[in-house]
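**Student:** File protein_7.cif below, mmCIF, C-alpha atoms and all ligand atoms:
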data_input
#
loop_
_atom_site.group_PDB
_atom_site.id
_atom_site.type_symbol
_atom_site.label_atom_id
_atom_site.label_comp_id
_atom_site.auth_asym_id
_atom_site.auth_seq_id
_atom_site.Cartn_x
_atom_site.Cartn_y
_atom_site.Cartn_z
ATOM 1 C CA MET A 898 -115.425 -102.087 142.913
ATOM 2 C CA ALA A 899 -116.624 -105.523 141.772
ATOM 3 C CA ASP A 900 -119.740 -107.050 143.251
ATOM 4 C CA ILE A 901 -119.430 -109.747 145.848
ATOM 5 C CA SER A 902 -120.980 -113.081 144.900
ATOM 6 C CA GLN A 903 -123.261 -114.990 147.264
ATOM 7 C CA ASP A 904 -120.542 -117.687 147.600
ATOM 8 C CA GLU A 905 -117.994 -115.085 148.647
ATOM 9 C CA LEU A 906 -120.477 -113.616 151.079
ATOM 10 C CA ASP A 907 -121.172 -117.053 152.547
ATOM 11 C CA ASP A 908 -117.414 -117.462 153.187
ATOM 12 C CA ILE A 909 -117.239 -114.030 154.762
ATOM 13 C CA TYR A 910 -120.215 -114.930 156.977
ATOM 14 C CA ALA A 911 -118.594 -118.207 158.095
ATOM 15 C CA PHE A 912 -115.355 -116.371 158.886
ATOM 16 C CA ALA A 913 -117.193 -113.628 160.816
ATOM 17 C CA VAL A 914 -119.143 -116.202 162.852
ATOM 18 C CA ASN A 915 -115.943 -118.012 163.884
ATOM 19 C CA LEU A 916 -114.249 -114.740 164.684
ATOM 20 C CA GLY A 917 -117.234 -113.666 166.802
ATOM 21 C CA LYS A 918 -117.113 -116.948 168.711
ATOM 22 C CA GLU A 919 -113.373 -116.748 169.388
ATOM 23 C CA ALA A 920 -113.636 -113.131 170.494
ATOM 24 C CA GLY A 921 -116.606 -114.084 172.697
ATOM 25 C CA SER A 922 -114.530 -116.704 174.538
ATOM 26 C CA MET A 923 -111.802 -114.130 175.058
ATOM 27 C CA LEU A 924 -114.345 -111.673 176.453
ATOM 28 C CA LEU A 925 -115.793 -114.272 178.778
ATOM 29 C CA ASP A 926 -112.322 -115.164 180.032
ATOM 30 C CA ALA A 927 -111.393 -111.533 180.604
ATOM 31 C CA ALA A 928 -114.613 -110.889 182.518
ATOM 32 C CA LYS A 929 -114.486 -114.094 184.565
ATOM 33 C CA LEU A 930 -110.950 -113.500 185.715
ATOM 34 C CA ARG A 931 -111.918 -110.164 187.103
ATOM 35 C CA ILE A 932 -115.229 -111.225 188.591
ATOM 36 C CA GLY A 933 -113.424 -114.008 190.420
ATOM 37 C CA ASP A 934 -110.861 -111.871 192.106
ATOM 38 C CA ASN A 935 -113.215 -110.522 194.773
ATOM 39 C CA ARG A 936 -112.196 -106.923 194.434
ATOM 40 C CA ALA A 937 -114.432 -103.869 194.312
ATOM 41 C CA THR A 938 -116.225 -103.336 191.023
ATOM 42 C CA GLN A 939 -114.245 -100.275 190.041
ATOM 43 C CA GLU A 940 -110.997 -102.103 190.542
ATOM 44 C CA GLN A 941 -112.282 -105.133 188.738
ATOM 45 C CA LYS A 942 -112.673 -103.236 185.481
ATOM 46 C CA GLU A 943 -109.920 -100.707 185.216
ATOM 47 C CA HIS A 944 -110.698 -98.145 182.596
ATOM 48 C CA VAL A 945 -109.558 -94.851 181.194
ATOM 49 C CA GLN A 946 -111.533 -91.941 179.809
ATOM 50 C CA LYS A 947 -111.614 -91.039 176.139
ATOM 51 C CA GLU A 948 -113.668 -87.949 175.174
ATOM 52 C CA ASN A 949 -115.220 -87.400 178.603
ATOM 53 C CA ALA A 950 -115.990 -89.020 181.960
ATOM 54 C CA VAL A 951 -118.621 -91.340 180.472
ATOM 55 C CA ASP A 952 -116.707 -92.307 177.323
ATOM 56 C CA LEU A 953 -114.611 -95.161 178.660
ATOM 57 C CA VAL A 954 -112.262 -97.840 177.401
ATOM 58 C CA THR A 955 -110.810 -100.910 179.098
ATOM 59 C CA GLU A 956 -107.857 -103.126 178.284
ATOM 60 C CA THR A 957 -110.374 -105.693 177.086
ATOM 61 C CA ASP A 958 -111.750 -103.347 174.376
ATOM 62 C CA GLU A 959 -108.226 -102.839 173.075
ATOM 63 C CA GLU A 960 -107.120 -106.461 173.247
ATOM 64 C CA LEU A 961 -110.235 -107.665 171.465
ATOM 65 C CA GLU A 962 -109.945 -105.105 168.716
ATOM 66 C CA ALA A 963 -106.273 -105.969 168.134
ATOM 67 C CA PHE A 964 -107.189 -109.673 167.922
ATOM 68 C CA ILE A 965 -110.088 -109.101 165.501
ATOM 69 C CA ARG A 966 -108.129 -106.657 163.375
ATOM 70 C CA LYS A 967 -105.188 -109.048 162.991
ATOM 71 C CA ALA A 968 -107.438 -111.985 162.048
ATOM 72 C CA ILE A 969 -109.204 -109.908 159.382
ATOM 73 C CA ALA A 970 -105.948 -108.537 157.972
ATOM 74 C CA GLU A 971 -104.572 -112.071 157.604
ATOM 75 C CA LYS A 972 -107.671 -113.431 155.882
ATOM 76 C CA TYR A 973 -108.707 -110.356 153.873
ATOM 77 C CA PRO A 974 -105.622 -108.147 153.471
ATOM 78 C CA LEU A 975 -107.309 -105.933 150.883
ATOM 79 C CA HIS A 976 -110.393 -105.148 152.917
ATOM 80 C CA LYS A 977 -110.673 -101.903 154.833
ATOM 81 C CA PHE A 978 -110.921 -101.936 158.635
ATOM 82 C CA VAL A 979 -112.887 -99.490 160.800
ATOM 83 C CA GLY A 980 -112.838 -100.120 164.541
ATOM 84 C CA GLU A 981 -113.874 -98.079 167.535
ATOM 85 C CA GLU A 982 -110.558 -98.278 169.333
ATOM 86 C CA SER A 983 -108.424 -97.733 166.235
ATOM 87 C CA TYR A 984 -110.428 -94.599 165.553
ATOM 88 C CA SER A 985 -110.083 -93.392 169.126
ATOM 89 C CA LYS A 986 -106.341 -93.597 168.814
ATOM 90 C CA GLY A 987 -106.386 -90.725 166.366
ATOM 91 C CA ALA A 988 -107.269 -92.181 162.976
ATOM 92 C CA SER A 989 -108.524 -89.556 160.551
ATOM 93 C CA ARG A 990 -112.241 -88.902 160.439
ATOM 94 C CA ASP A 991 -112.016 -89.344 156.682
ATOM 95 C CA TYR A 992 -112.215 -93.086 157.105
ATOM 96 C CA LEU A 993 -115.986 -92.876 156.610
ATOM 97 C CA ILE A 994 -117.675 -95.903 155.151
ATOM 98 C CA ASP A 995 -117.374 -95.821 151.360
ATOM 99 C CA ASP A 996 -117.876 -98.343 148.564
ATOM 100 C CA SER A 997 -114.917 -100.580 149.427
ATOM 101 C CA PRO A 998 -115.319 -103.913 151.215
ATOM 102 C CA THR A 999 -115.058 -102.836 154.844
ATOM 103 C CA TRP A 1000 -115.088 -104.488 158.252
ATOM 104 C CA CYS A 1001 -116.685 -102.326 160.887
ATOM 105 C CA ILE A 1002 -116.074 -103.470 164.449
ATOM 106 C CA ASP A 1003 -117.000 -102.583 167.963
ATOM 107 C CA PRO A 1004 -114.878 -104.982 170.006
ATOM 108 C CA LEU A 1005 -116.938 -104.302 173.141
ATOM 109 C CA ASP A 1006 -120.217 -102.449 172.812
ATOM 110 C CA GLY A 1007 -121.610 -101.546 176.201
ATOM 111 C CA THR A 1008 -118.244 -100.806 177.807
ATOM 112 C CA VAL A 1009 -119.911 -99.005 180.721
ATOM 113 C CA ASN A 1010 -122.020 -102.116 181.364
ATOM 114 C CA TYR A 1011 -118.889 -104.255 181.268
ATOM 115 C CA ILE A 1012 -117.179 -102.001 183.791
ATOM 116 C CA HIS A 1013 -120.240 -102.177 186.056
ATOM 117 C CA LEU A 1014 -120.684 -105.929 185.558
ATOM 118 C CA PHE A 1015 -124.098 -105.505 183.937
ATOM 119 C CA PRO A 1016 -124.296 -108.292 181.349
ATOM 120 C CA MET A 1017 -125.633 -106.257 178.398
ATOM 121 C CA PHE A 1018 -122.387 -106.017 176.462
ATOM 122 C CA CYS A 1019 -121.280 -107.655 173.249
ATOM 123 C CA ILE A 1020 -118.862 -107.940 170.372
ATOM 124 C CA SER A 1021 -120.095 -106.475 167.125
ATOM 125 C CA ILE A 1022 -118.650 -107.411 163.728
ATOM 126 C CA ALA A 1023 -120.038 -106.197 160.415
ATOM 127 C CA PHE A 1024 -118.975 -106.642 156.833
ATOM 128 C CA ILE A 1025 -120.033 -103.761 154.600
ATOM 129 C CA HIS A 1026 -119.830 -103.455 150.825
ATOM 130 C CA LYS A 1027 -120.895 -100.466 148.732
ATOM 131 C CA SER A 1028 -121.940 -98.842 152.005
ATOM 132 C CA LYS A 1029 -124.418 -101.631 152.794
ATOM 133 C CA PRO A 1030 -124.012 -103.801 155.889
ATOM 134 C CA LEU A 1031 -124.245 -107.327 154.420
ATOM 135 C CA VAL A 1032 -123.031 -109.560 157.242
ATOM 136 C CA GLY A 1033 -123.595 -108.991 160.937
ATOM 137 C CA VAL A 1034 -122.384 -110.905 163.984
ATOM 138 C CA ILE A 1035 -123.220 -109.867 167.547
ATOM 139 C CA ASN A 1036 -121.983 -112.040 170.396
ATOM 140 C CA ALA A 1037 -123.238 -111.306 173.916
ATOM 141 C CA PRO A 1038 -121.468 -114.119 175.761
ATOM 142 C CA PHE A 1039 -122.843 -113.356 179.222
ATOM 143 C CA LEU A 1040 -126.364 -113.645 177.829
ATOM 144 C CA ASN A 1041 -125.520 -116.693 175.732
ATOM 145 C CA GLN A 1042 -126.968 -114.836 172.762
ATOM 146 C CA PHE A 1043 -125.261 -114.926 169.399
ATOM 147 C CA PHE A 1044 -127.010 -112.993 166.637
ATOM 148 C CA SER A 1045 -125.929 -113.340 163.037
ATOM 149 C CA SER A 1046 -127.071 -112.580 159.519
ATOM 150 C CA CYS A 1047 -125.917 -112.983 155.957
ATOM 151 C CA SER A 1048 -127.591 -110.960 153.231
ATOM 152 C CA GLY A 1049 -129.712 -113.220 151.062
ATOM 153 C CA ARG A 1050 -129.611 -116.086 153.569
ATOM 154 C CA GLY A 1051 -131.369 -115.005 156.768
ATOM 155 C CA ALA A 1052 -130.858 -113.819 160.325
ATOM 156 C CA TRP A 1053 -130.545 -116.055 163.367
ATOM 157 C CA LEU A 1054 -130.219 -116.223 167.090
ATOM 158 C CA ASN A 1055 -127.648 -118.812 168.164
ATOM 159 C CA GLU A 1056 -127.438 -119.936 164.512
ATOM 160 C CA SER A 1057 -130.577 -121.990 164.956
ATOM 161 C CA GLN A 1058 -131.837 -122.920 161.500
ATOM 162 C CA GLN A 1059 -134.592 -125.113 162.885
ATOM 163 C CA LEU A 1060 -135.827 -122.671 165.468
ATOM 164 C CA PRO A 1061 -134.861 -119.224 164.236
ATOM 165 C CA LEU A 1062 -135.786 -117.043 167.179
ATOM 166 C CA ILE A 1063 -135.214 -114.173 164.862
ATOM 167 C CA ARG A 1064 -138.210 -114.857 162.702
ATOM 168 C CA ASN A 1065 -137.704 -113.936 159.119
ATOM 169 C CA PRO A 1066 -139.573 -111.744 158.541
ATOM 170 C CA ILE A 1067 -140.089 -110.553 162.086
ATOM 171 C CA PRO A 1068 -143.695 -110.265 163.205
ATOM 172 C CA PRO A 1069 -145.320 -106.879 162.654
ATOM 173 C CA MET A 1070 -145.978 -104.331 165.390
ATOM 174 C CA PRO A 1071 -148.961 -104.905 167.659
ATOM 175 C CA GLU A 1072 -152.195 -104.073 165.860
ATOM 176 C CA LYS A 1073 -152.806 -101.021 168.031
ATOM 177 C CA ALA A 1074 -149.207 -99.806 167.980
ATOM 178 C CA PRO A 1075 -147.814 -97.863 169.710
ATOM 179 C CA SER A 1076 -150.151 -99.243 172.375
ATOM 180 C CA GLY A 1077 -148.635 -102.426 173.625
ATOM 181 C CA CYS A 1078 -145.152 -101.556 172.308
ATOM 182 C CA VAL A 1079 -141.825 -101.578 174.096
ATOM 183 C CA PHE A 1080 -139.638 -98.608 173.179
ATOM 184 C CA SER A 1081 -135.908 -98.458 173.633
ATOM 185 C CA CYS A 1082 -133.619 -95.449 173.630
ATOM 186 C CA GLU A 1083 -129.969 -94.857 174.469
ATOM 187 C CA TRP A 1084 -128.809 -91.590 175.974
ATOM 188 C CA GLY A 1085 -125.319 -91.582 174.460
ATOM 189 C CA LYS A 1086 -122.275 -89.883 175.894
ATOM 190 C CA ASP A 1087 -122.930 -86.250 175.154
ATOM 191 C CA ARG A 1088 -122.758 -84.308 178.423
ATOM 192 C CA ARG A 1089 -121.587 -80.997 177.029
ATOM 193 C CA ASP A 1090 -123.952 -78.331 178.360
ATOM 194 C CA ILE A 1091 -124.658 -79.081 181.976
ATOM 195 C CA PRO A 1092 -123.354 -82.406 183.299
ATOM 196 C CA ASP A 1093 -126.097 -84.908 182.468
ATOM 197 C CA GLY A 1094 -128.262 -82.105 181.010
ATOM 198 C CA ASN A 1095 -128.477 -83.695 177.595
ATOM 199 C CA MET A 1096 -129.268 -87.020 179.109
ATOM 200 C CA HIS A 1097 -132.141 -85.610 181.172
ATOM 201 C CA ARG A 1098 -133.519 -83.798 178.151
ATOM 202 C CA LYS A 1099 -133.409 -86.902 176.002
ATOM 203 C CA ILE A 1100 -135.006 -89.086 178.645
ATOM 204 C CA GLU A 1101 -137.774 -86.584 179.175
ATOM 205 C CA SER A 1102 -138.585 -86.090 175.520
ATOM 206 C CA PHE A 1103 -138.457 -89.780 174.718
ATOM 207 C CA VAL A 1104 -140.661 -90.805 177.639
ATOM 208 C CA ASN A 1105 -143.097 -87.985 176.838
ATOM 209 C CA MET A 1106 -143.238 -89.129 173.266
ATOM 210 C CA ALA A 1107 -143.955 -92.707 174.323
ATOM 211 C CA ALA A 1108 -146.681 -91.498 176.672
ATOM 212 C CA GLU A 1109 -148.179 -89.221 174.053
ATOM 213 C CA LEU A 1110 -148.251 -91.900 171.382
ATOM 214 C CA GLY A 1111 -149.731 -94.380 173.826
ATOM 215 C CA GLY A 1112 -152.321 -91.810 174.937
ATOM 216 C CA ARG A 1113 -153.475 -91.197 171.380
ATOM 217 C CA GLN A 1114 -154.844 -94.676 171.228
ATOM 218 C CA GLY A 1115 -157.641 -93.689 173.605
ATOM 219 C CA ARG A 1116 -158.850 -95.697 176.541
ATOM 220 C CA GLY A 1117 -156.743 -98.708 177.221
ATOM 221 C CA GLY A 1118 -153.995 -97.482 174.901
ATOM 222 C CA MET A 1119 -150.663 -97.717 176.649
ATOM 223 C CA VAL A 1120 -147.032 -98.162 175.726
ATOM 224 C CA HIS A 1121 -145.878 -101.243 177.615
ATOM 225 C CA GLY A 1122 -142.512 -99.843 178.587
ATOM 226 C CA VAL A 1123 -139.406 -97.802 177.812
ATOM 227 C CA ARG A 1124 -135.984 -99.463 178.106
ATOM 228 C CA SER A 1125 -132.374 -98.376 177.928
ATOM 229 C CA LEU A 1126 -129.853 -101.197 177.824
ATOM 230 C CA GLY A 1127 -126.566 -99.352 177.415
ATOM 231 C CA SER A 1128 -125.720 -101.126 174.176
ATOM 232 C CA ALA A 1129 -126.960 -99.713 170.883
ATOM 233 C CA THR A 1130 -125.864 -102.921 169.173
ATOM 234 C CA LEU A 1131 -128.060 -105.095 171.385
ATOM 235 C CA ASP A 1132 -130.989 -102.675 171.019
ATOM 236 C CA LEU A 1133 -130.929 -103.283 167.272
ATOM 237 C CA ALA A 1134 -130.690 -107.045 167.770
ATOM 238 C CA TYR A 1135 -133.761 -106.921 170.021
ATOM 239 C CA VAL A 1136 -135.754 -104.962 167.453
ATOM 240 C CA ALA A 1137 -134.716 -107.625 164.929
ATOM 241 C CA MET A 1138 -135.908 -110.298 167.346
ATOM 242 C CA GLY A 1139 -139.246 -108.552 167.855
ATOM 243 C CA SER A 1140 -138.651 -107.848 171.571
ATOM 244 C CA PHE A 1141 -138.471 -104.082 171.052
ATOM 245 C CA ASP A 1142 -140.788 -102.261 168.669
ATOM 246 C CA ILE A 1143 -138.850 -99.013 168.339
ATOM 247 C CA TRP A 1144 -135.300 -98.007 169.147
ATOM 248 C CA TRP A 1145 -133.855 -94.547 168.790
ATOM 249 C CA GLU A 1146 -130.499 -92.906 169.480
ATOM 250 C CA GLY A 1147 -128.824 -89.712 168.404
ATOM 251 C CA GLY A 1148 -125.033 -89.832 168.634
ATOM 252 C CA CYS A 1149 -124.069 -93.308 167.433
ATOM 253 C CA TRP A 1150 -120.989 -94.210 165.516
ATOM 254 C CA GLU A 1151 -120.874 -96.622 162.602
ATOM 255 C CA TRP A 1152 -119.430 -99.421 164.742
ATOM 256 C CA ASP A 1153 -122.330 -99.103 167.200
ATOM 257 C CA VAL A 1154 -124.906 -99.886 164.512
ATOM 258 C CA ALA A 1155 -123.372 -101.643 161.466
ATOM 259 C CA ALA A 1156 -123.819 -105.290 162.570
ATOM 260 C CA GLY A 1157 -127.218 -104.531 164.116
ATOM 261 C CA ILE A 1158 -128.426 -102.917 160.895
ATOM 262 C CA ALA A 1159 -127.305 -105.949 158.847
ATOM 263 C CA ILE A 1160 -129.246 -108.263 161.173
ATOM 264 C CA LEU A 1161 -132.292 -106.014 161.461
ATOM 265 C CA GLN A 1162 -132.634 -105.538 157.710
ATOM 266 C CA GLU A 1163 -132.162 -109.225 156.969
ATOM 267 C CA ALA A 1164 -134.898 -109.983 159.509
ATOM 268 C CA GLY A 1165 -137.273 -107.550 157.769
ATOM 269 C CA GLY A 1166 -136.959 -104.622 160.197
ATOM 270 C CA LEU A 1167 -136.744 -100.998 159.128
ATOM 271 C CA ILE A 1168 -134.119 -98.381 159.872
ATOM 272 C CA THR A 1169 -133.955 -94.721 159.077
ATOM 273 C CA THR A 1170 -132.069 -91.658 160.175
ATOM 274 C CA ALA A 1171 -135.051 -89.769 161.621
ATOM 275 C CA ASN A 1172 -136.083 -88.572 165.024
ATOM 276 C CA PRO A 1173 -139.011 -90.489 166.426
ATOM 277 C CA PRO A 1174 -142.514 -89.127 165.907
ATOM 278 C CA PRO A 1175 -144.035 -86.685 166.687
ATOM 279 C CA ASN A 1176 -140.844 -84.716 165.910
ATOM 280 C CA GLU A 1177 -140.254 -86.064 162.421
ATOM 281 C CA ALA A 1178 -143.327 -88.135 161.947
ATOM 282 C CA THR A 1179 -143.288 -87.887 158.202
ATOM 283 C CA ALA A 1180 -139.655 -88.860 157.688
ATOM 284 C CA PRO A 1181 -139.585 -91.675 155.157
ATOM 285 C CA ILE A 1182 -138.167 -95.050 156.062
ATOM 286 C CA GLU A 1183 -135.371 -95.126 153.563
ATOM 287 C CA ALA A 1184 -132.070 -96.832 152.938
ATOM 288 C CA VAL A 1185 -130.017 -95.888 155.949
ATOM 289 C CA LYS A 1186 -126.874 -93.847 155.464
ATOM 290 C CA LEU A 1187 -124.100 -95.052 157.726
ATOM 291 C CA GLY A 1188 -122.373 -92.138 159.343
ATOM 292 C CA SER A 1189 -125.442 -90.038 160.042
ATOM 293 C CA ARG A 1190 -125.187 -90.628 163.837
ATOM 294 C CA LEU A 1191 -128.981 -90.516 164.325
ATOM 295 C CA TYR A 1192 -130.947 -93.717 163.930
ATOM 296 C CA LEU A 1193 -134.492 -94.991 164.374
ATOM 297 C CA ALA A 1194 -135.208 -98.708 164.045
ATOM 298 C CA ILE A 1195 -138.684 -100.171 163.997
ATOM 299 C CA ARG A 1196 -140.441 -103.415 163.362
ATOM 300 C CA PRO A 1197 -142.625 -103.283 160.288
ATOM 301 C CA ALA A 1198 -146.252 -102.295 160.778
ATOM 302 C CA GLY A 1199 -148.757 -104.996 159.860
ATOM 303 C CA PRO A 1200 -151.450 -104.213 157.256
ATOM 304 C CA SER A 1201 -154.033 -103.664 159.971
ATOM 305 C CA SER A 1202 -151.768 -101.107 161.681
ATOM 306 C CA THR A 1203 -151.866 -98.707 158.731
ATOM 307 C CA GLU A 1204 -154.563 -96.514 160.173
ATOM 308 C CA THR A 1205 -152.823 -96.469 163.527
ATOM 309 C CA ALA A 1206 -149.523 -95.467 161.952
ATOM 310 C CA ARG A 1207 -151.273 -92.656 160.056
ATOM 311 C CA GLU A 1208 -152.857 -91.379 163.243
ATOM 312 C CA THR A 1209 -149.484 -91.056 164.926
ATOM 313 C CA GLN A 1210 -148.136 -88.788 162.174
HETATM 314 C C1 LIG B 1 -121.913 -97.058 173.322
HETATM 315 C C2 LIG B 1 -123.150 -97.845 173.685
HETATM 316 C C3 LIG B 1 -124.209 -96.919 174.257
HETATM 317 C C4 LIG B 1 -124.565 -95.816 173.289
HETATM 318 C C5 LIG B 1 -123.327 -95.054 172.821
HETATM 319 C C6 LIG B 1 -122.293 -96.038 172.290
HETATM 320 P P1 LIG B 1 -119.548 -98.339 173.598
HETATM 321 O O1 LIG B 1 -120.900 -97.893 172.784
HETATM 322 O O2 LIG B 1 -123.671 -98.513 172.573
HETATM 323 O O3 LIG B 1 -125.390 -97.623 174.531
HETATM 324 O O4 LIG B 1 -125.439 -94.915 173.916
HETATM 325 O O5 LIG B 1 -123.707 -94.150 171.795
HETATM 326 O O6 LIG B 1 -121.149 -95.336 171.870
HETATM 327 O O7 LIG B 1 -118.777 -97.117 173.899
HETATM 328 O O8 LIG B 1 -119.972 -99.030 174.821
HETATM 329 O O9 LIG B 1 -118.836 -99.206 172.627
#
Mind turning the file's structure into structure tokens?
Ligand code: IPD
**Tutor:**
Amino acid sequence: MADISQDELDDIYAFAVNLGKEAGSMLLDAAKLRIGDNRATQEQKEHVQKENAVDLVTETDEELEAFIRKAIAEKYPLHKFVGEESYSKGASRDYLIDDSPTWCIDPLDGTVNYIHLFPMFCISIAFIHKSKPLVGVINAPFLNQFFSSCSGRGAWLNESQQLPLIRNPIPPMPEKAPSGCVFSCEWGKDRRDIPDGNMHRKIESFVNMAAELGGRQGRGGMVHGVRSLGSATLDLAYVAMGSFDIWWEGGCWEWDVAAGIAILQEAGGLITTANPPPNEATAPIEAVKLGSRLYLAIRPAGPSSTETARETQ
């Protein structure tokens, strides 16, 4: 497969940005209509179950994916398409990201938030080539936040060239990290053993880990907080922005992370497929392999944090 030139990538980026904006308006319209109708929340966002009672899909997910898929097929008929809703409808699992130019889409990440009218939901569009996410667009229209990146060019919030709120590179972790850090973790949709058992276990181990890491810093050492937004895509964008220091989730799909990884990496953030320390403290930060389902994203440690990072291992 031939390489993609920077000019071609710039065109792909411009196309993805426009597509993200159009899809964002559609999402806003769909949400507004329902918010305005004064009905109970559950009726406002009708949904059906996919794998289980917490794996949900709405008409909006499907409409947006159909719109995005059609636009991509018209503009780039030879490119491969991987989308959350297309997959759910029974596509083979063999689609896995390979070397071909591929669009990887989550038309509505944070579907549960959307159903509950919690504004942390977004459209996620990534262009991947040779298994590397090169262009990322994340539009969270209710937050008025539009994240984007193009490999070799930069990463931005609301496309602001003058005031890139995604600083490139992003600032390093606090000097005494993990003291003073904000951690983020998603609990996923796995409820197999006991209902909510996996979720409780994950929450407990993640919070314990945050407390333990904070405690190791001695007096005054303290993790500032642990968050869970309900959108893996937005978690990655907030690590890229420097708001979160660490994000972890086990159980993601490619469409949950592809655009976020493109943006994070372009902003200088790090991503690996490890568990957070202390479980896999020595796991190297390496080129991420899409499809592994387990991801850890962190802001880079500053030079003065080296000792601190060593201590946590
Ligand atoms: C989900 C969200 C959630 C994460 C799940 C994802 P969806 O995506 O990102 O935060 O925990 O792993 O599948 O279903 O809302 O598109």
**Student:** Carefully work through the PyMOL selection byres (((not hetatm)) within 9 of (chain B and resi 1)) for this structure and note down the residues it includes, as a PyMOL selection string.
**Tutor:** chain A and resi 951-954+958+981-982+1003-1011+1018-1019+1082-1087+1125-1132+1146-1150+1152-1154+1190
**Student:** May I have the residues from that selection written out with C-alpha atoms, as an mmCIF file, in the coordinates of the input?
**Tutor:**
data_model
loop_
_atom_site.group_PDB
_atom_site.id
_atom_site.type_symbol
_atom_site.label_atom_id
_atom_site.label_comp_id
_atom_site.auth_asym_id
_atom_site.auth_seq_id
_atom_site.Cartn_x
_atom_site.Cartn_y
_atom_site.Cartn_z
ATOM 1 C CA VAL A 951 -118.621 -91.340 180.472
ATOM 2 C CA ASP A 952 -116.707 -92.307 177.323
ATOM 3 C CA LEU A 953 -114.611 -95.161 178.660
ATOM 4 C CA VAL A 954 -112.262 -97.840 177.401
ATOM 5 C CA ASP A 958 -111.750 -103.347 174.376
ATOM 6 C CA GLU A 981 -113.874 -98.079 167.535
ATOM 7 C CA GLU A 982 -110.558 -98.278 169.333
ATOM 8 C CA ASP A 1003 -117.000 -102.583 167.963
ATOM 9 C CA PRO A 1004 -114.878 -104.982 170.006
ATOM 10 C CA LEU A 1005 -116.938 -104.302 173.141
ATOM 11 C CA ASP A 1006 -120.217 -102.449 172.812
ATOM 12 C CA GLY A 1007 -121.610 -101.546 176.201
ATOM 13 C CA THR A 1008 -118.244 -100.806 177.807
ATOM 14 C CA VAL A 1009 -119.911 -99.005 180.721
ATOM 15 C CA ASN A 1010 -122.020 -102.116 181.364
ATOM 16 C CA TYR A 1011 -118.889 -104.255 181.268
ATOM 17 C CA PHE A 1018 -122.387 -106.017 176.462
ATOM 18 C CA CYS A 1019 -121.280 -107.655 173.249
ATOM 19 C CA CYS A 1082 -133.619 -95.449 173.630
ATOM 20 C CA GLU A 1083 -129.969 -94.857 174.469
ATOM 21 C CA TRP A 1084 -128.809 -91.590 175.974
ATOM 22 C CA GLY A 1085 -125.319 -91.582 174.460
ATOM 23 C CA LYS A 1086 -122.275 -89.883 175.894
ATOM 24 C CA ASP A 1087 -122.930 -86.250 175.154
ATOM 25 C CA SER A 1125 -132.374 -98.376 177.928
ATOM 26 C CA LEU A 1126 -129.853 -101.197 177.824
ATOM 27 C CA GLY A 1127 -126.566 -99.352 177.415
ATOM 28 C CA SER A 1128 -125.720 -101.126 174.176
ATOM 29 C CA ALA A 1129 -126.960 -99.713 170.883
ATOM 30 C CA THR A 1130 -125.864 -102.921 169.173
ATOM 31 C CA LEU A 1131 -128.060 -105.095 171.385
ATOM 32 C CA ASP A 1132 -130.989 -102.675 171.019
ATOM 33 C CA GLU A 1146 -130.499 -92.906 169.480
ATOM 34 C CA GLY A 1147 -128.824 -89.712 168.404
ATOM 35 C CA GLY A 1148 -125.033 -89.832 168.634
ATOM 36 C CA CYS A 1149 -124.069 -93.308 167.433
ATOM 37 C CA TRP A 1150 -120.989 -94.210 165.516
ATOM 38 C CA TRP A 1152 -119.430 -99.421 164.742
ATOM 39 C CA ASP A 1153 -122.330 -99.103 167.200
ATOM 40 C CA VAL A 1154 -124.906 -99.886 164.512
ATOM 41 C CA ARG A 1190 -125.187 -90.628 163.837
#
**Student:** Taking (-118.1, -112.6, 158.2) in the file's coordinates, which residues come within 8 Å, counting all atoms listed in the file, written as a list in words?
**Tutor:**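 Output of the proximity query reads Leu906, Asp907, Asp908, Ile909, Tyr910, Ala911, Phe912, Ala913, Val914, Leu916, Ile1022, Ala1023, Phe1024, Val1032, Gly1033 and Val1034 of chain A.
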**Student:** For Leu1187 in chain A, which residue among A:Gly1139, A:Pro1030, A:Gly1051, A:Pro1068 is the nearest when counting only C-alpha atoms?
**Tutor:**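 Closest to Leu1187 in chain A of all the choices is A:Pro1030.
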**Student:** Suppose you want the space between CA of Val1123 in chain A and CA of Pro1071 in chain A; what is it in Å?
**Tutor:**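 If I compute the distance from CA of Val1123 in chain A to CA of Pro1071 in chain A, I get 15.6 Å.
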**Student:** Which residue gives the smallest distance to Asn1055 in chain A among A:Gln1042, A:Thr1170, A:Ser1076, A:Ser1102, with all atoms listed in the file counted?
**Tutor:**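 The shortest atom-to-atom distance to Asn1055 in chain A comes from A:Gln1042.
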**Student:** Quick one: everything within 9 Å of Asp996 in chain A, counting all atoms listed in the file, minus sequence neighbours fewer than 6 positions away in the same chain. Send it as a PDB file with C-alpha atoms, in the coordinates of the input.
**Tutor:**
ATOM      1  CA  MET A 898    -115.425-102.087 142.913  1.00  0.00           C
ATOM      2  CA  ILE A1025    -120.033-103.761 154.600  1.00  0.00           C
ATOM      3  CA  HIS A1026    -119.830-103.455 150.825  1.00  0.00           C
ATOM      4  CA  LYS A1027    -120.895-100.466 148.732  1.00  0.00           C
ATOM      5  CA  SER A1028    -121.940 -98.842 152.005  1.00  0.00           C
ATOM      6  CA  LYS A1029    -124.418-101.631 152.794  1.00  0.00           C
TER       7      LYS A1029
END
**Student:** When distances are computed from only C-alpha atoms, which of A:Thr955, A:Ser1021, A:Ser902, A:Thr999 shows the smallest separation from Ala920 in chain A?
**Tutor:**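 The closest residue to Ala920 in chain A is A:Ser1021.
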**Student:** Do a neighbour search on Ile1160 in chain A at 8 Å with only C-alpha atoms, toss out local chain neighbours closer than 2 positions, and write the hits as a PyMOL selection string.
**Tutor:** chain A and resi 1032-1034+1044-1047+1052+1134+1137+1156-1158+1162-1164
